[in-house]
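Below is entry14.tsv, holding TSV, C-alpha atoms.
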```tsv
chain	number	residue	atom	x	y	z
A	174	MET	CA	0.22	-16.04	44.82
A	175	THR	CA	3.18	-18.23	43.82
A	176	PRO	CA	4.23	-18.48	40.16
A	177	VAL	CA	3.14	-22.14	40.11
A	178	ALA	CA	-0.34	-21.22	41.41
A	179	GLU	CA	-0.57	-18.46	38.78
A	180	CYS	CA	0.34	-20.95	36.04
A	181	LEU	CA	-2.24	-23.41	37.38
A	182	ALA	CA	-4.99	-20.75	37.43
A	183	ALA	CA	-4.07	-19.77	33.88
A	184	PHE	CA	-4.14	-23.40	32.73
A	185	VAL	CA	-7.60	-24.02	34.26
A	186	PHE	CA	-8.89	-20.83	32.61
A	187	GLY	CA	-7.30	-21.77	29.29
A	188	THR	CA	-8.71	-25.31	29.35
A	189	THR	CA	-12.26	-24.09	30.06
A	190	THR	CA	-11.94	-21.39	27.43
A	191	GLY	CA	-10.56	-23.80	24.83
A	192	LEU	CA	-13.43	-26.19	25.49
A	193	LEU	CA	-16.09	-23.45	25.24
A	194	VAL	CA	-14.58	-21.95	22.08
A	195	GLN	CA	-14.32	-25.40	20.48
A	196	ARG	CA	-17.94	-26.25	21.28
A	197	SER	CA	-19.28	-22.87	20.13
A	198	ARG	CA	-17.08	-22.49	17.00
A	199	TYR	CA	-16.41	-18.91	18.14
A	200	CYS	CA	-13.69	-17.06	16.26
A	201	ASN	CA	-12.45	-13.50	16.46
A	202	VAL	CA	-11.59	-13.44	12.76
A	203	ALA	CA	-15.13	-14.43	11.93
A	204	ALA	CA	-16.43	-11.75	14.32
A	205	LEU	CA	-14.77	-9.05	12.22
A	206	ARG	CA	-14.26	-10.58	8.76
A	207	ASP	CA	-17.74	-12.07	8.40
A	208	ALA	CA	-19.32	-8.79	9.45
A	209	MET	CA	-17.38	-7.01	6.69
A	210	LEU	CA	-17.43	-9.70	3.98
A	211	PHE	CA	-20.67	-11.62	4.49
A	212	LYS	CA	-22.66	-9.16	6.64
A	213	THR	CA	-23.27	-11.93	9.17
A	214	TYR	CA	-22.86	-11.24	12.88
A	215	ARG	CA	-23.07	-14.54	14.80
A	216	ASN	CA	-19.58	-14.11	16.29
A	217	THR	CA	-19.69	-10.30	16.40
A	218	LYS	CA	-22.68	-10.39	18.77
A	219	ALA	CA	-20.88	-12.86	21.06
A	220	MET	CA	-17.81	-10.64	21.14
A	221	LEU	CA	-19.89	-7.58	22.02
A	222	VAL	CA	-21.72	-9.41	24.84
A	223	ALA	CA	-18.39	-10.56	26.31
A	224	MET	CA	-16.99	-7.03	26.08
A	225	MET	CA	-20.05	-5.60	27.86
A	226	ILE	CA	-19.77	-8.09	30.75
A	227	MET	CA	-16.01	-7.60	31.05
A	228	THR	CA	-16.30	-3.81	30.92
A	229	LEU	CA	-18.77	-3.83	33.81
A	230	GLY	CA	-16.79	-6.42	35.80
A	231	PHE	CA	-13.35	-4.90	35.29
A	232	THR	CA	-14.39	-1.30	35.95
A	233	ALA	CA	-16.42	-2.35	39.03
A	234	PHE	CA	-13.34	-3.97	40.55
A	235	ILE	CA	-11.05	-1.16	39.38
A	236	SER	CA	-13.39	1.27	41.24
A	237	ILE	CA	-12.50	-0.41	44.55
A	238	GLY	CA	-8.82	-0.84	43.70
A	239	ALA	CA	-9.06	-4.57	42.99
A	240	GLY	CA	-7.90	-6.51	39.93
A	241	LYS	CA	-4.73	-6.44	37.91
A	242	PRO	CA	-5.13	-4.16	34.87
A	243	MET	CA	-2.49	-4.22	32.16
A	244	GLN	CA	0.18	-1.58	32.74
A	245	PHE	CA	2.23	-0.38	29.79
A	246	ASP	CA	2.54	2.67	27.58
A	247	VAL	CA	0.78	2.75	24.25
A	248	GLY	CA	1.56	4.66	21.11
A	249	LEU	CA	1.55	4.65	17.36
A	250	ASN	CA	3.03	1.14	17.49
A	251	THR	CA	-0.23	-0.10	19.05
A	252	PHE	CA	-2.22	1.04	16.02
A	253	ILE	CA	0.32	-0.13	13.43
A	254	GLY	CA	0.87	-3.47	15.17
A	255	LEU	CA	-2.82	-4.33	15.28
A	256	PHE	CA	-3.23	-3.09	11.71
A	257	LEU	CA	-0.64	-5.66	10.59
A	258	PHE	CA	-2.22	-8.25	12.86
A	259	GLY	CA	-5.66	-7.59	11.31
A	260	ILE	CA	-4.34	-8.22	7.80
A	261	GLY	CA	-2.48	-11.30	9.01
A	262	MET	CA	-5.40	-12.92	10.78
A	263	VAL	CA	-7.67	-12.59	7.73
A	264	LEU	CA	-5.02	-14.09	5.44
A	265	ALA	CA	-4.27	-16.90	7.90
A	266	GLY	CA	-7.99	-17.42	8.54
A	267	ALA	CA	-7.34	-17.63	12.26
A	268	CYS	CA	-6.49	-15.38	15.20
A	269	THR	CA	-4.54	-16.12	18.37
A	270	VAL	CA	-7.49	-18.02	19.89
A	271	SER	CA	-8.58	-20.04	16.88
A	272	THR	CA	-5.02	-21.10	15.97
A	273	TRP	CA	-4.70	-22.84	19.36
A	274	VAL	CA	-8.24	-24.20	19.31
A	275	LYS	CA	-8.02	-25.49	15.73
A	276	ALA	CA	-4.59	-26.96	16.45
A	277	GLY	CA	-6.27	-28.88	19.30
A	278	GLU	CA	-8.83	-30.18	16.81
A	279	GLY	CA	-6.08	-31.60	14.58
A	280	ASN	CA	-5.88	-28.78	12.03
A	281	LEU	CA	-2.33	-28.78	10.60
A	282	GLY	CA	-2.91	-25.42	8.85
A	283	ALA	CA	-3.45	-23.90	12.30
A	284	PHE	CA	-0.25	-25.54	13.59
A	285	TRP	CA	1.61	-23.98	10.68
A	286	ALA	CA	0.01	-20.57	11.39
A	287	LEU	CA	1.24	-20.87	14.99
A	288	LEU	CA	4.78	-21.70	13.89
A	289	CYS	CA	4.73	-18.73	11.50
A	290	THR	CA	3.49	-16.48	14.31
A	291	PHE	CA	6.45	-17.62	16.45
A	292	ALA	CA	8.76	-16.97	13.48
A	293	GLY	CA	7.27	-13.48	13.05
A	294	MET	CA	7.88	-12.75	16.72
A	295	PHE	CA	11.47	-13.92	16.48
A	296	LEU	CA	12.05	-11.80	13.36
A	297	PHE	CA	10.64	-8.79	15.19
A	298	SER	CA	12.94	-9.49	18.16
A	299	LEU	CA	15.93	-9.17	15.77
A	300	LEU	CA	14.58	-5.93	14.33
A	301	TRP	CA	13.85	-4.51	17.79
A	302	SER	CA	17.42	-5.23	18.83
A	303	PHE	CA	18.54	-2.61	16.27
A	304	THR	CA	15.82	0.01	16.74
A	305	TYR	CA	14.83	-0.39	20.42
A	306	TRP	CA	11.38	0.81	19.35
A	307	PRO	CA	8.79	0.64	20.78
A	308	PRO	CA	10.36	1.24	24.20
A	309	ALA	CA	10.91	-1.80	26.41
A	310	PRO	CA	8.44	-2.15	29.33
A	311	GLY	CA	11.22	-1.40	31.83
A	312	THR	CA	11.82	2.06	30.33
A	313	MET	CA	8.16	3.11	30.14
A	314	THR	CA	7.19	6.14	32.21
A	315	GLY	CA	3.41	6.28	31.79
A	316	ARG	CA	3.71	9.80	30.38
A	317	PRO	CA	3.48	10.91	26.74
A	318	ASN	CA	6.78	10.72	24.88
A	319	LEU	CA	6.20	12.22	21.47
A	320	ALA	CA	9.79	11.65	20.33
A	321	GLY	CA	9.19	7.92	20.82
A	322	LEU	CA	5.66	8.20	19.37
A	323	GLN	CA	4.27	7.13	22.75
A	324	PHE	CA	1.04	8.51	24.22
A	325	GLY	CA	1.62	7.22	27.77
A	326	PHE	CA	-0.74	5.22	29.94
A	327	ALA	CA	-4.44	5.83	30.67
A	328	ASN	CA	-7.24	3.50	31.75
A	329	ALA	CA	-10.36	3.44	33.93
A	330	ALA	CA	-8.21	3.74	37.08
A	331	THR	CA	-6.44	6.90	35.88
A	332	LEU	CA	-9.82	8.35	34.83
A	333	GLN	CA	-11.12	7.73	38.34
A	334	LEU	CA	-8.00	9.28	39.84
A	335	LYS	CA	-8.18	12.42	37.70
A	336	THR	CA	-11.93	13.05	37.84
A	337	GLY	CA	-12.90	11.59	41.21
A	338	ILE	CA	-15.74	9.76	39.46
A	339	PRO	CA	-15.81	5.98	40.14
A	340	ALA	CA	-14.48	3.91	37.23
A	341	ILE	CA	-17.72	1.92	37.07
A	342	VAL	CA	-19.55	5.06	35.85
A	343	PHE	CA	-17.25	5.22	32.81
A	344	GLY	CA	-17.67	1.48	32.46
A	345	LEU	CA	-21.45	1.87	32.34
A	346	VAL	CA	-21.13	4.46	29.57
A	347	GLN	CA	-18.88	2.14	27.54
A	348	ALA	CA	-21.17	-0.86	28.14
A	349	LEU	CA	-24.14	1.22	26.94
A	350	ALA	CA	-22.23	2.19	23.78
A	351	LEU	CA	-21.43	-1.49	23.13
A	352	TYR	CA	-25.09	-2.35	23.74
A	353	GLY	CA	-26.06	0.31	21.19
A	354	ILE	CA	-23.89	-1.44	18.57
A	355	TYR	CA	-25.41	-4.79	19.57
A	356	ARG	CA	-28.94	-3.41	19.15
A	357	ALA	CA	-28.05	-1.90	15.76
A	358	ILE	CA	-26.83	-5.34	14.61
A	359	LEU	CA	-30.04	-7.01	15.79
A	360	LYS	CA	-32.08	-4.37	13.96
A	361	ARG	CA	-30.05	-4.91	10.80
A	362	GLU	CA	-30.46	-8.67	11.05
A	363	ARG	CA	-34.24	-8.37	11.45
A	364	ALA	CA	-34.46	-5.99	8.50
A	365	GLY	CA	-32.30	-8.35	6.42
A	366	ALA	CA	-34.37	-11.38	7.39
A	367	LYS	CA	-37.55	-9.64	6.28
A	368	ALA	CA	-36.12	-8.34	3.00
A	369	THR	CA	-34.23	-11.41	1.77
A	370	ALA	CA	-33.82	-15.12	2.18
A	371	PRO	CA	-31.82	-16.22	5.27
A	372	ALA	CA	-28.17	-15.23	4.92
A	373	ARG	CA	-25.31	-17.66	5.34
A	374	ASP	CA	-24.51	-17.65	9.05
A	375	ASP	CA	-22.77	-20.82	10.02
A	376	GLY	CA	-19.98	-19.09	11.89
A	377	ALA	CA	-17.40	-20.98	9.89
A	378	CYS	CA	-13.87	-20.05	10.76
A	379	GLU	CA	-11.69	-22.48	8.90
A	380	ALA	CA	-8.03	-21.80	8.29
A	381	TRP	CA	-9.18	-21.51	4.69
A	382	ALA	CA	-12.49	-20.51	3.20
A	383	THR	CA	-15.29	-22.90	2.44
A	384	ALA	CA	-16.60	-23.19	-1.09
A	385	ASP	CA	-20.05	-21.89	-0.15
A	386	SER	CA	-18.83	-18.85	1.74
A	387	VAL	CA	-16.38	-17.76	-0.90
A	388	ALA	CA	-18.84	-18.34	-3.72
A	389	ALA	CA	-21.36	-16.20	-1.86
A	390	ALA	CA	-18.95	-13.30	-1.52
A	391	VAL	CA	-16.69	-13.63	-4.52
A	392	PRO	CA	-18.39	-14.69	-7.74
A	393	GLY	CA	-16.38	-17.26	-9.68
A	394	ALA	CA	-14.02	-18.02	-6.85
A	395	ALA	CA	-15.58	-21.26	-5.72
A	396	ALA	CA	-13.08	-23.27	-7.73
A	397	LEU	CA	-10.27	-22.05	-5.50
A	398	ALA	CA	-11.98	-22.73	-2.23
A	399	GLU	CA	-11.91	-25.95	-0.26
A	400	PRO	CA	-14.97	-27.92	0.73
A	401	SER	CA	-15.88	-27.78	4.42
A	402	ALA	CA	-13.70	-30.11	6.48
B	15	MET	CA	-23.70	-35.98	26.84
B	16	GLU	CA	-25.71	-33.26	25.08
B	17	PHE	CA	-22.99	-30.65	25.58
B	18	PHE	CA	-20.75	-32.58	23.21
B	19	GLN	CA	-23.46	-33.31	20.64
B	20	LYS	CA	-24.71	-29.82	19.88
B	21	THR	CA	-22.94	-26.60	18.93
B	22	LEU	CA	-23.02	-24.17	21.83
B	23	GLU	CA	-24.44	-20.72	21.11
B	24	PRO	CA	-21.39	-18.37	20.92
B	25	VAL	CA	-23.14	-15.66	22.94
B	26	ILE	CA	-23.55	-18.12	25.84
B	27	ALA	CA	-19.98	-19.43	25.50
B	28	LEU	CA	-18.48	-15.94	25.41
B	29	ALA	CA	-20.64	-14.76	28.33
B	30	MET	CA	-19.27	-17.68	30.39
B	31	ILE	CA	-15.70	-16.89	29.30
B	32	ALA	CA	-16.28	-13.22	30.23
B	33	VAL	CA	-17.26	-14.17	33.80
B	34	LEU	CA	-14.23	-16.45	34.09
B	35	ASP	CA	-12.02	-13.70	32.69
B	36	ILE	CA	-13.21	-11.36	35.46
B	37	PHE	CA	-12.02	-13.93	38.02
B	38	LEU	CA	-8.71	-14.27	36.17
B	39	PHE	CA	-8.43	-10.45	36.16
B	40	LEU	CA	-8.70	-10.49	39.96
B	41	VAL	CA	-6.15	-13.27	40.42
B	42	VAL	CA	-3.40	-12.73	37.82
B	43	GLY	CA	-4.64	-10.43	35.03
B	44	ALA	CA	-7.00	-10.43	32.07
B	45	TRP	CA	-7.03	-13.05	29.29
B	46	THR	CA	-4.23	-12.60	26.79
B	47	VAL	CA	-2.47	-14.86	24.30
B	48	GLY	CA	0.26	-12.81	22.59
B	49	GLY	CA	2.45	-12.51	25.70
B	50	GLY	CA	2.43	-16.26	26.23
B	51	GLU	CA	3.25	-16.87	22.57
B	52	THR	CA	6.19	-14.45	22.79
B	53	MET	CA	7.52	-16.25	25.85
B	54	MET	CA	7.15	-19.60	24.06
B	55	THR	CA	9.10	-18.15	21.12
B	56	GLY	CA	11.85	-17.12	23.54
B	57	LEU	CA	11.90	-20.53	25.21
B	58	ILE	CA	12.03	-22.36	21.87
B	59	ALA	CA	14.83	-20.05	20.70
B	60	LYS	CA	16.69	-20.64	23.97
B	61	PHE	CA	16.31	-24.41	23.52
B	62	PHE	CA	18.05	-24.22	20.14
B	63	MET	CA	20.46	-21.35	20.78
B	64	GLY	CA	21.31	-21.85	24.45
B	65	HIS	CA	22.68	-18.79	26.23
B	66	ALA	CA	23.53	-17.22	22.87
B	67	ILE	CA	19.94	-15.96	22.83
B	68	TYR	CA	20.90	-13.30	25.38
B	69	ARG	CA	23.15	-11.74	22.73
B	70	ILE	CA	19.90	-10.58	21.12
B	71	PRO	CA	18.97	-7.54	23.23
B	72	PHE	CA	15.20	-8.14	22.92
B	73	TRP	CA	15.46	-11.41	24.86
B	74	LYS	CA	17.78	-9.87	27.45
B	75	VAL	CA	16.05	-6.53	28.00
B	76	ALA	CA	12.42	-6.76	26.90
B	77	PHE	CA	11.38	-10.40	27.27
B	78	PRO	CA	13.82	-12.70	29.14
B	79	PRO	CA	12.58	-16.29	28.63
B	80	ASP	CA	10.87	-17.63	31.77
B	81	PRO	CA	9.00	-20.98	31.89
B	82	TYR	CA	6.96	-19.77	34.89
B	83	TYR	CA	5.31	-16.98	32.92
B	84	TRP	CA	1.60	-17.65	33.59
B	85	LYS	CA	0.38	-16.47	30.16
B	86	ILE	CA	2.03	-19.48	28.49
B	87	TYR	CA	-0.35	-21.78	30.34
B	88	ILE	CA	-3.46	-20.05	29.01
B	89	SER	CA	-2.43	-21.08	25.48
B	90	LEU	CA	-1.47	-24.60	26.57
B	91	GLY	CA	-4.81	-24.86	28.38
B	92	MET	CA	-6.68	-23.71	25.28
B	93	VAL	CA	-5.11	-26.35	23.06
B	94	PHE	CA	-5.79	-29.00	25.70
B	95	GLY	CA	-9.41	-27.87	26.22
B	96	ALA	CA	-10.03	-27.80	22.47
B	97	PHE	CA	-8.50	-31.27	22.10
B	98	LEU	CA	-10.73	-32.55	24.92
B	99	GLY	CA	-13.82	-30.98	23.33
B	100	ALA	CA	-12.96	-32.30	19.88
B	101	VAL	CA	-12.30	-35.85	21.11
B	102	LEU	CA	-15.40	-36.02	23.32
B	103	SER	CA	-17.61	-34.68	20.54
B	104	ARG	CA	-15.91	-36.96	18.00
B	105	GLU	CA	-14.87	-33.95	15.94
B	106	PHE	CA	-11.13	-34.56	16.18
B	107	CYS	CA	-9.52	-35.35	12.87
B	108	TRP	CA	-6.25	-34.48	11.15
B	109	ARG	CA	-6.86	-32.03	8.33
B	110	MET	CA	-4.70	-29.72	6.30
B	111	PRO	CA	-4.93	-27.15	3.50
B	112	HIS	CA	-4.49	-28.74	0.09
B	113	ARG	CA	-3.63	-25.79	-2.11
B	114	LEU	CA	-0.34	-23.89	-2.29
B	115	THR	CA	-2.24	-20.57	-2.23
B	116	GLU	CA	-3.64	-21.45	1.19
B	117	TRP	CA	-0.23	-22.38	2.61
B	118	ILE	CA	1.22	-19.10	1.29
B	119	MET	CA	-1.62	-17.06	2.78
B	120	ILE	CA	-1.32	-18.84	6.14
B	121	THR	CA	2.47	-18.31	6.14
B	122	ILE	CA	2.23	-14.57	5.36
B	123	GLY	CA	-0.70	-14.20	7.75
B	124	GLY	CA	1.12	-15.96	10.58
B	125	LEU	CA	4.28	-13.88	10.11
B	126	LEU	CA	2.23	-10.66	10.09
B	127	MET	CA	0.40	-11.72	13.26
B	128	GLY	CA	3.68	-12.40	15.04
B	129	ILE	CA	5.27	-9.13	13.97
B	130	GLY	CA	2.08	-7.19	14.76
B	131	ILE	CA	1.73	-8.64	18.26
B	132	ARG	CA	5.29	-7.73	19.21
B	133	LEU	CA	5.12	-4.29	17.64
B	134	ALA	CA	1.92	-3.44	19.50
B	135	PHE	CA	2.63	-5.40	22.74
B	136	VAL	CA	-0.93	-6.72	22.43
B	137	CYS	CA	-2.86	-9.33	20.48
B	138	ASN	CA	-6.50	-9.40	19.42
B	139	VAL	CA	-7.55	-11.11	22.66
B	140	SER	CA	-6.03	-8.48	24.92
B	141	THR	CA	-7.45	-5.82	22.59
B	142	PHE	CA	-11.07	-6.94	22.89
B	143	PHE	CA	-11.06	-8.84	26.20
B	144	GLY	CA	-8.42	-6.98	28.21
B	145	LEU	CA	-7.46	-3.45	27.26
B	146	THR	CA	-10.81	-2.17	25.95
B	147	PRO	CA	-12.88	-3.47	28.90
B	148	GLU	CA	-10.27	-1.86	31.19
B	149	MET	CA	-10.88	1.34	29.20
B	150	ASN	CA	-7.18	1.52	28.38
B	151	LEU	CA	-6.23	4.08	25.74
B	152	GLY	CA	-4.33	1.28	23.98
B	153	GLY	CA	-7.57	-0.65	23.59
B	154	TYR	CA	-9.12	2.07	21.43
B	155	LEU	CA	-5.95	2.44	19.35
B	156	ALA	CA	-5.75	-1.32	18.93
B	157	VAL	CA	-9.43	-1.67	17.98
B	158	SER	CA	-9.00	1.06	15.34
B	159	GLY	CA	-5.89	-0.69	14.00
B	160	ILE	CA	-7.41	-4.17	13.87
B	161	LEU	CA	-10.60	-2.92	12.17
B	162	ALA	CA	-8.55	-1.13	9.50
B	163	GLY	CA	-6.29	-4.18	9.12
B	164	THR	CA	-9.23	-6.57	8.83
B	165	TRP	CA	-10.76	-4.38	6.13
B	166	VAL	CA	-7.49	-4.38	4.14
B	167	GLY	CA	-6.99	-8.10	4.76
B	168	THR	CA	-10.53	-8.85	3.57
B	169	TRP	CA	-9.89	-6.82	0.42
B	170	ILE	CA	-6.63	-8.72	-0.27
B	171	TYR	CA	-8.38	-12.03	0.47
B	172	LYS	CA	-11.16	-11.27	-2.01
B	173	LYS	CA	-8.71	-10.10	-4.69
B	174	THR	CA	-6.57	-13.23	-4.22
B	175	LEU	CA	-9.57	-15.49	-4.66
B	176	GLU	CA	-10.86	-13.52	-7.64
B	177	SER	CA	-7.54	-13.63	-9.51
```

Could you render the structure as structure tokens?
Amino acid sequence: MTPVAECLAAFVFGTTTGLLVQRSRYCNVAALRDAMLFKTYRNTKAMLVAMMIMTLGFTAFISIGAGKPMQFDVGLNTFIGLFLFGIGMVLAGACTVSTWVKAGEGNLGAFWALLCTFAGMFLFSLLWSFTYWPPAPGTMTGRPNLAGLQFGFANAATLQLKTGIPAIVFGLVQALALYGIYRAILKRERAGAKATAPARDDGACEAWATADSVAAAVPGAAALAEPSA
Amino acid sequence: MEFFQKTLEPVIALAMIAVLDIFLFLVVGAWTVGGGETMMTGLIAKFFMGHAIYRIPFWKVAFPPDPYYWKIYISLGMVFGAFLGAVLSREFCWRMPHRLTEWIMITIGGLLMGIGIRLAFVCNVSTFFGLTPEMNLGGYLAVSGILAGTWVGTWIYKKTLES
């Protein structure tokens, strides 16, 4: 496939995804933050369903040697990086998907979040140029490198290679585990619906909190929050 | 058209995206956003700095700017698709945060997201919709990190609003 064809395929995928995310108000921040802060799971359930389908699809194709899995070493930097990212996305009120989608809807706060993300990446590029950590993709070996705090590379394909068991079997186990979490959420929602009045579950994922949502979670904070746009 | 009048159920939307992502996985690779954003950062820096950007080893060794990097076009597609959806559903409007606290939180949050993505080599999209479905060890590390980070971020968010 030529680079231009790859870019075209990516653009078609991105356009469809942007449209679907915009119409559904899906947001990754809401999937995690709302589950922790408001105990609502509208976006969490969607994320779990997508992960189940992708796990089955990816591992099925990996079993027959098809597909293009990501290939790079992981290490302590993976945990720390996503830890920082998790804090950042809650503060910004948007993740990598919702910044682009909200920017497309005319949200200037999301545009600013994007610019700050670019600035953060550039700052890190300066820092990396002194430390050379984590190792550049070209120097990765796929094996553990404890001196560099790297654990190497492992995925469904390497599991299949080492055990002789098709990757889809491992995929089924993971999909079942995700389904277990999904069922637990449904059970919790039903129990909550019986015990109390309907909880706030509008899936809001603004770049800043709405008055209702903040007031529900943080008593006395409504004065600081913005009305829904 | 009804599609543009009603909010789509997120489970249905994400199930459709998951199927599309499997096709993308077969053609070029799974859905990711952070890589494209990094390349855009490099291209923007190159626009302003010219060839001086290659004096920064990161852009010479780890991520040489390349406009034909396919991941860029996922992000551009997303902004275009969202714009299309917003216009057709008459939801497009210019809006912005009004309080200084919000701008500060967005600025710190955005910087942390950028630093975090480059430190980890992955973003939240590749964590949940790429690495973990591929059963990559990095997916489980990244999920643990993002859950812990979200918990801390939520705590800070609550404290900021309470103060």

Expected answer as number ranges by chain: chain A residues within 6 Å of chain B, all atoms listed in the file: A: 179-180, 183-184, 187-188, 191-193, 195-197, 199, 219, 223, 227-228, 231, 240-241, 247, 250-252, 254-265, 273-274, 277-282, 286, 289-291, 293-294, 297-298, 302, 309, 327-329, 394

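Between CA of Phe284 in chain A and CA of Glu16 in chain B lies a distance of 29.0 Å.
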
For the atom pair CA of Ala348 in chain A and CA of Thr217 in chain A, what is the interatomic distance in Å to one decimal place?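 Value for the CA of Ala348 in chain A-CA of Thr217 in chain A distance: 15.1 Å.
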
Choose the residue, out of A:Val222, A:Leu249, A:Leu229, A:Ala203, that has the smallest atom-to-atom separation from Ala340 in chain A; count all atoms listed in the file. A:Leu229

CA of Thr314 in chain A to CA of Phe326 in chain A, distance in Å rounded to a single decimal: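 These atoms are spaced 8.3 Å apart.
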
Once you count only C-alpha atoms, which residues end up no further than 12 Å from (-16.5, 5.3, 41.0) in the file's frame, shown as a list of chain:residue names?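 Counting only C-alpha atoms, I find these residues within 12 Å of (-16.5, 5.3, 41.0): A:Leu229, A:Thr232, A:Ala233, A:Phe234, A:Ile235, A:Ser236, A:Ile237, A:Gly238, A:Ala329, A:Ala330, A:Thr331, A:Leu332, A:Gln333, A:Leu334, A:Lys335, A:Thr336, A:Gly337, A:Ile338, A:Pro339, A:Ala340, A:Ile341, A:Val342, A:Phe343, A:Gly344, A:Leu345.
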